[in-house]
$ cat run.cif   # mmCIF, C-alpha atoms
data_coords
loop_
_atom_site.label_atom_id
_atom_site.label_comp_id
_atom_site.auth_asym_id
_atom_site.auth_seq_id
_atom_site.Cartn_x
_atom_site.Cartn_y
_atom_site.Cartn_z
CA MET A 1 30.36 -29.13 13.11
CA ARG A 2 29.73 -26.00 11.08
CA GLY A 3 27.19 -25.43 8.33
CA LYS A 4 28.19 -25.65 4.69
CA LEU A 5 26.00 -24.48 1.84
CA GLY A 6 26.25 -25.60 -1.76
CA ARG A 7 25.57 -23.15 -4.57
CA ARG A 8 21.99 -24.40 -5.10
CA GLU A 9 21.25 -25.36 -1.50
CA ILE A 10 18.78 -23.72 0.85
CA HIS A 11 18.70 -24.68 4.51
CA ILE A 12 15.34 -24.21 6.22
CA TRP A 13 15.37 -24.59 10.00
CA ALA A 14 12.07 -25.16 11.81
CA VAL A 15 11.91 -24.02 15.44
CA ASP A 16 9.28 -24.81 18.08
CA LEU A 17 8.87 -21.50 19.92
CA PHE A 18 6.64 -23.06 22.57
CA ASP A 19 9.80 -24.72 23.91
CA GLY A 20 10.77 -22.71 27.01
CA GLY A 21 14.38 -23.84 26.61
CA TRP A 22 14.87 -20.94 24.22
CA ASP A 23 14.55 -18.51 27.13
CA ALA A 24 17.92 -19.65 28.51
CA VAL A 25 19.49 -19.25 25.06
CA ALA A 26 17.96 -15.76 24.77
CA LYS A 27 19.39 -14.84 28.16
CA GLU A 28 22.86 -15.99 27.10
CA CYS A 29 22.60 -13.92 23.91
CA HIS A 30 21.53 -10.86 25.90
CA GLU A 31 24.44 -11.27 28.32
CA ARG A 32 26.88 -11.39 25.39
CA ASN A 33 25.28 -8.40 23.68
CA PRO A 34 23.08 -6.38 26.10
CA ARG A 35 22.30 -3.70 23.50
CA GLY A 36 21.24 -6.15 20.79
CA GLU A 37 17.82 -7.12 22.19
CA PRO A 38 14.95 -4.58 21.90
CA ALA A 39 13.02 -4.47 25.15
CA ALA A 40 9.68 -4.41 23.34
CA ARG A 41 10.12 -7.82 21.73
CA SER A 42 7.52 -10.45 22.57
CA ILE A 43 8.48 -13.75 24.17
CA GLU A 44 8.01 -15.45 20.80
CA SER A 45 10.22 -12.92 19.05
CA ARG A 46 12.97 -13.23 21.68
CA ARG A 47 12.95 -17.00 21.33
CA ALA A 48 13.03 -16.81 17.54
CA HIS A 49 15.99 -14.42 17.57
CA ALA A 50 17.77 -16.63 20.09
CA ALA A 51 17.44 -19.51 17.62
CA LEU A 52 18.74 -17.28 14.84
CA SER A 53 21.76 -16.27 16.95
CA ARG A 54 22.61 -19.92 17.54
CA LEU A 55 22.45 -20.64 13.82
CA LEU A 56 24.48 -17.60 12.83
CA ALA A 57 27.29 -18.94 14.98
CA ALA A 58 27.16 -22.18 12.97
CA TYR A 59 27.57 -20.42 9.61
CA PRO A 60 30.89 -18.64 10.24
CA GLY A 61 32.71 -16.17 8.07
CA SER A 62 36.08 -17.55 9.11
CA GLY A 63 37.51 -19.26 12.13
CA ALA A 64 35.35 -19.66 15.21
CA GLN A 65 33.83 -16.18 15.25
CA PRO A 66 30.27 -15.63 13.98
CA ARG A 67 29.76 -13.13 11.19
CA PRO A 68 28.81 -9.57 12.18
CA VAL A 69 25.20 -8.58 11.54
CA ARG A 70 24.31 -5.11 10.28
CA ARG A 71 21.16 -3.28 9.16
CA SER A 72 20.46 -2.54 5.50
CA ALA A 73 19.15 0.85 4.38
CA MET A 74 15.62 -0.56 4.77
CA GLY A 75 16.39 -1.80 8.30
CA ARG A 76 16.67 -5.48 7.42
CA PRO A 77 19.27 -7.48 9.39
CA GLU A 78 21.94 -8.91 7.10
CA LEU A 79 25.44 -10.30 7.31
CA ALA A 80 28.35 -7.97 6.73
CA ASP A 81 29.73 -10.51 4.25
CA ALA A 82 27.60 -10.78 1.12
CA ASP A 83 28.23 -14.44 0.29
CA LEU A 84 25.63 -15.79 2.75
CA SER A 85 22.03 -14.67 3.24
CA PHE A 86 19.58 -15.47 6.00
CA ASN A 87 15.98 -14.70 6.80
CA LEU A 88 13.66 -15.30 9.74
CA SER A 89 9.88 -15.56 10.03
CA HIS A 90 7.71 -16.61 12.95
CA SER A 91 4.00 -16.95 13.62
CA HIS A 92 1.93 -18.51 16.43
CA GLY A 93 4.74 -20.56 17.98
CA ILE A 94 6.57 -21.59 14.80
CA ALA A 95 9.73 -20.06 13.35
CA LEU A 96 11.37 -20.76 10.01
CA ILE A 97 14.94 -19.61 9.44
CA GLY A 98 16.46 -19.85 5.97
CA PHE A 99 20.09 -19.74 4.83
CA SER A 100 21.43 -19.55 1.28
CA VAL A 101 24.39 -18.22 -0.67
CA ALA A 102 21.82 -16.33 -2.80
CA PRO A 103 19.35 -13.68 -1.60
CA ILE A 104 16.55 -15.35 0.35
CA GLY A 105 13.20 -14.48 1.85
CA VAL A 106 11.15 -16.77 4.09
CA ASP A 107 7.62 -16.36 5.40
CA VAL A 108 5.31 -18.47 7.55
CA GLU A 109 1.81 -17.44 8.56
CA PHE A 110 -0.92 -18.90 10.72
CA ILE A 111 -4.12 -19.21 8.69
CA ASP A 112 -6.65 -17.32 10.77
CA ARG A 113 -9.99 -18.43 9.37
CA LEU A 114 -11.81 -16.38 12.01
CA GLY A 115 -10.11 -13.13 11.09
CA GLY A 116 -13.12 -11.49 9.47
CA ASP A 117 -13.97 -11.03 5.83
CA PRO A 118 -11.06 -11.78 3.48
CA GLU A 119 -12.60 -9.43 0.90
CA GLU A 120 -11.34 -6.56 3.05
CA LEU A 121 -7.73 -7.57 2.31
CA VAL A 122 -7.96 -8.72 -1.27
CA ASP A 123 -7.94 -5.36 -3.09
CA ALA A 124 -5.13 -4.08 -0.85
CA VAL A 125 -2.87 -7.10 -1.31
CA LEU A 126 -3.51 -8.89 -4.60
CA HIS A 127 -2.53 -8.01 -8.14
CA PRO A 128 -5.61 -7.60 -10.40
CA ARG A 129 -4.97 -10.97 -12.05
CA GLU A 130 -4.68 -12.62 -8.65
CA VAL A 131 -7.97 -11.04 -7.57
CA ASP A 132 -9.78 -12.75 -10.44
CA GLU A 133 -8.18 -16.10 -9.63
CA TRP A 134 -8.94 -15.72 -5.94
CA ARG A 135 -12.60 -14.92 -6.52
CA ALA A 136 -12.86 -18.09 -8.61
CA THR A 137 -11.86 -20.09 -5.51
CA ILE A 138 -14.71 -21.75 -3.64
CA THR A 139 -15.74 -19.79 -0.56
CA THR A 140 -14.59 -22.35 2.02
CA ASP A 141 -11.03 -22.29 0.62
CA ARG A 142 -10.64 -18.53 0.27
CA TRP A 143 -8.80 -17.87 3.56
CA ASP A 144 -6.33 -20.67 2.82
CA ARG A 145 -5.78 -19.40 -0.72
CA LEU A 146 -5.28 -15.82 0.44
CA HIS A 147 -2.66 -16.84 3.01
CA ARG A 148 -0.80 -18.96 0.44
CA ILE A 149 -0.62 -15.96 -1.88
CA TRP A 150 0.39 -13.71 1.02
CA VAL A 151 3.38 -15.84 2.11
CA ARG A 152 4.62 -16.03 -1.48
CA LYS A 153 4.51 -12.25 -1.78
CA GLU A 154 6.02 -11.53 1.60
CA ALA A 155 8.84 -14.02 0.94
CA TYR A 156 9.62 -12.08 -2.25
CA ALA A 157 9.48 -8.70 -0.50
CA LYS A 158 11.79 -10.01 2.22
CA ALA A 159 14.22 -11.41 -0.36
CA LEU A 160 14.43 -7.90 -1.85
CA GLY A 161 14.93 -6.47 1.64
CA VAL A 162 11.93 -4.12 1.44
CA GLY A 163 9.41 -6.08 3.54
CA LEU A 164 5.97 -4.53 3.97
CA ALA A 165 7.16 -1.28 2.35
CA CYS A 166 6.55 -3.09 -0.95
CA ASP A 167 3.17 -2.62 -2.64
CA PHE A 168 1.89 -6.18 -2.98
CA ARG A 169 -0.61 -5.10 -5.65
CA GLY A 170 2.21 -4.21 -8.04
CA PHE A 171 3.43 -7.74 -8.69
CA ARG A 172 2.12 -11.28 -8.93
CA VAL A 173 3.47 -14.77 -8.37
CA GLU A 174 2.46 -17.33 -10.97
CA PRO A 175 3.25 -21.02 -11.54
CA ILE A 176 5.61 -21.96 -14.37
CA THR A 177 6.13 -25.67 -13.61
CA ALA A 178 4.92 -28.07 -10.94
CA GLY A 179 6.09 -26.68 -7.60
CA VAL A 180 7.90 -23.66 -9.06
CA LEU A 181 6.42 -20.15 -9.15
CA ARG A 182 7.86 -17.07 -10.84
CA VAL A 183 7.60 -13.46 -9.68
CA VAL A 184 6.27 -11.07 -12.31
CA ASP A 185 7.01 -7.53 -11.12
CA GLU A 186 6.11 -4.77 -13.55
CA GLU A 187 7.57 -2.11 -11.24
CA ARG A 188 10.90 -3.93 -10.87
CA PRO A 189 11.51 -5.82 -14.14
CA ARG A 190 15.06 -6.66 -13.13
CA CYS A 191 13.67 -8.59 -10.14
CA SER A 192 11.55 -10.93 -12.24
CA HIS A 193 14.28 -13.55 -12.09
CA MET A 194 13.07 -14.43 -8.58
CA TYR A 195 11.27 -17.70 -7.87
CA VAL A 196 9.02 -18.82 -5.05
CA HIS A 197 8.81 -22.34 -3.64
CA GLU A 198 6.07 -23.34 -1.24
CA LEU A 199 7.26 -25.07 1.92
CA VAL A 200 5.60 -27.92 3.76
CA ALA A 201 4.06 -26.37 6.88
CA PRO A 202 2.11 -27.76 9.85
CA SER A 203 -1.64 -27.97 9.48
CA GLY A 204 -3.15 -24.50 9.74
CA PHE A 205 -0.07 -22.68 8.40
CA ALA A 206 1.23 -21.53 5.04
CA ALA A 207 4.92 -21.04 4.24
CA ALA A 208 7.13 -20.14 1.29
CA VAL A 209 10.71 -19.27 0.39
CA CYS A 210 11.85 -16.89 -2.38
CA THR A 211 15.22 -17.11 -4.16
CA PRO A 212 16.79 -16.48 -7.57
CA ILE A 213 17.49 -20.24 -7.73
CA VAL A 214 14.98 -21.91 -10.08
CA GLU A 215 15.38 -25.43 -8.73
CA PRO A 216 17.02 -25.24 -5.31
CA TRP A 217 17.93 -28.20 -3.17
CA ILE A 218 15.93 -27.40 -0.03
CA LYS A 219 17.13 -29.15 3.12
CA ARG A 220 14.72 -29.09 6.04
CA ARG A 221 16.06 -29.36 9.58
CA THR A 222 14.68 -28.95 13.09
CA LEU A 223 16.47 -26.86 15.70
CA SER A 224 16.23 -27.49 19.44
CA PRO A 225 17.63 -25.31 22.24
CA ARG A 226 19.19 -28.41 23.74
CA GLY A 227 22.17 -30.33 22.45
CA THR A 228 24.52 -29.57 19.57
CA LEU A 229 23.68 -28.94 15.94
CA ARG A 230 23.81 -31.99 13.73
CA TRP A 231 24.32 -31.70 9.99
CA THR A 232 23.55 -34.22 7.25
#

$ encode --input "run.cif" --output "structure tokens"
Amino acid sequence: MRGKLGRREIHIWAVDLFDGGWDAVAKECHERNPRGEPAARSIESRRAHAALSRLLAAYPGSGAQPRPVRRSAMGRPELADADLSFNLSHSHGIALIGFSVAPIGVDVEFIDRLGGDPEELVDAVLHPREVDEWRATITTDRWDRLHRIWVRKEAYAKALGVGLACDFRGFRVEPITAGVLRVVDEERPRCSHMYVHELVAPSGFAAAVCTPIVEPWIKRRTLSPRGTLRWT
């Protein structure tokens, strides 16, 4: 059965990258397209892209053939047809893959509480208003708070297709209602119709999705390298 997306739907697929079964899927993908797999990719990255390839085949453009993937001007992978967007993020053995009919950005990050002093990142990443709010956070929660802000911002940058080329200090993400956050981007006023929704993530991780949909219907699914895809 093939995937169908409603106008306000977002499909978020969670993938366990510690599952070695993805190696066989990655090998199959490489055999079909030997030039499509950079040699420098890590094991985790190869497994994540194998999962993405499987899902792309389940969201067809027409007939039984998967949609062709191309690179945008910024180097972001995207579908040749503009009526379906996807995005991939992976960190420390977890991948999240999002699909939507609207532009979408997804990010998941492992919260590394032993990564040094968060103050070293704050001024380089946060908008001045966010810096004040972050410094008001109690010390023991600062790493968690910083990662939650980071995934919101990276999800937005990925939805725009600019990734880390975007200056995170130039925009902020602020709550407007319970569970809904709005992007305020002084440098790109036309992009301030983008919204961020935090995703439920395993303990020790932070995750978010960005979309122009204010109140999306987010469907969470788990993808395994074994068996066929099941849709609800």

$ atom_distance --input "run.cif" --atom1 "CA of Arg41 in chain A" --atom2 "CA of Ser85 in chain A"
23.0 Å

$ closest_residue --input "run.cif" --among "A:Pro128, A:Lys4, A:Asp19, A:His30" --to "Ala58 in chain A" --atoms "all atoms listed in the file"
A:Lys4

$ closest_atom_pairs --input "run.cif" --of "range 92-128 of chain A" --to "range 152-163 of chain A" --cutoff "12 Å" --atoms "only C-alpha atoms" --output "tab-separated table"
residue	atom	partner	partner_atom	distance
A:Leu96	CA	A:Ala155	CA	11.6
A:Ile97	CA	A:Ala155	CA	11.9
A:Gly98	CA	A:Ala159	CA	10.8
A:Phe99	CA	A:Ala159	CA	11.4
A:Ser100	CA	A:Ala159	CA	11.0
A:Ala102	CA	A:Ala159	CA	9.4
A:Pro103	CA	A:Ala159	CA	5.7
A:Ile104	CA	A:Ala159	CA	4.6
A:Gly105	CA	A:Ala159	CA	3.9
A:Val106	CA	A:Ala155	CA	4.8
A:Asp107	CA	A:Ala155	CA	5.2
A:Val108	CA	A:Ala155	CA	8.7
A:Glu109	CA	A:Glu154	CA	10.1
A:Val125	CA	A:Lys153	CA	9.0
A:Leu126	CA	A:Lys153	CA	9.1
A:His127	CA	A:Lys153	CA	10.4

$ atom_distance --input "run.cif" --atom1 "CA of Cys166 in chain A" --atom2 "CA of Trp143 in chain A"
21.8 Å

$ closest_residue --input "run.cif" --among "A:Val101, A:Ala124, A:Ala48, A:Ala80" --to "His11 in chain A" --atoms "only C-alpha atoms"
A:Val101

$ atom_distance --input "run.cif" --atom1 "CA of Leu199 in chain A" --atom2 "CA of Glu174 in chain A"
15.8 Å

$ resolve_selection --input "run.cif" --expression "the PyMOL selection byres ((chain A and resi 173) around 12)" --output "ChimeraX atom specification"
/A:126-130,133,148-157,168-172,174-176,180-186,192-198,208,210
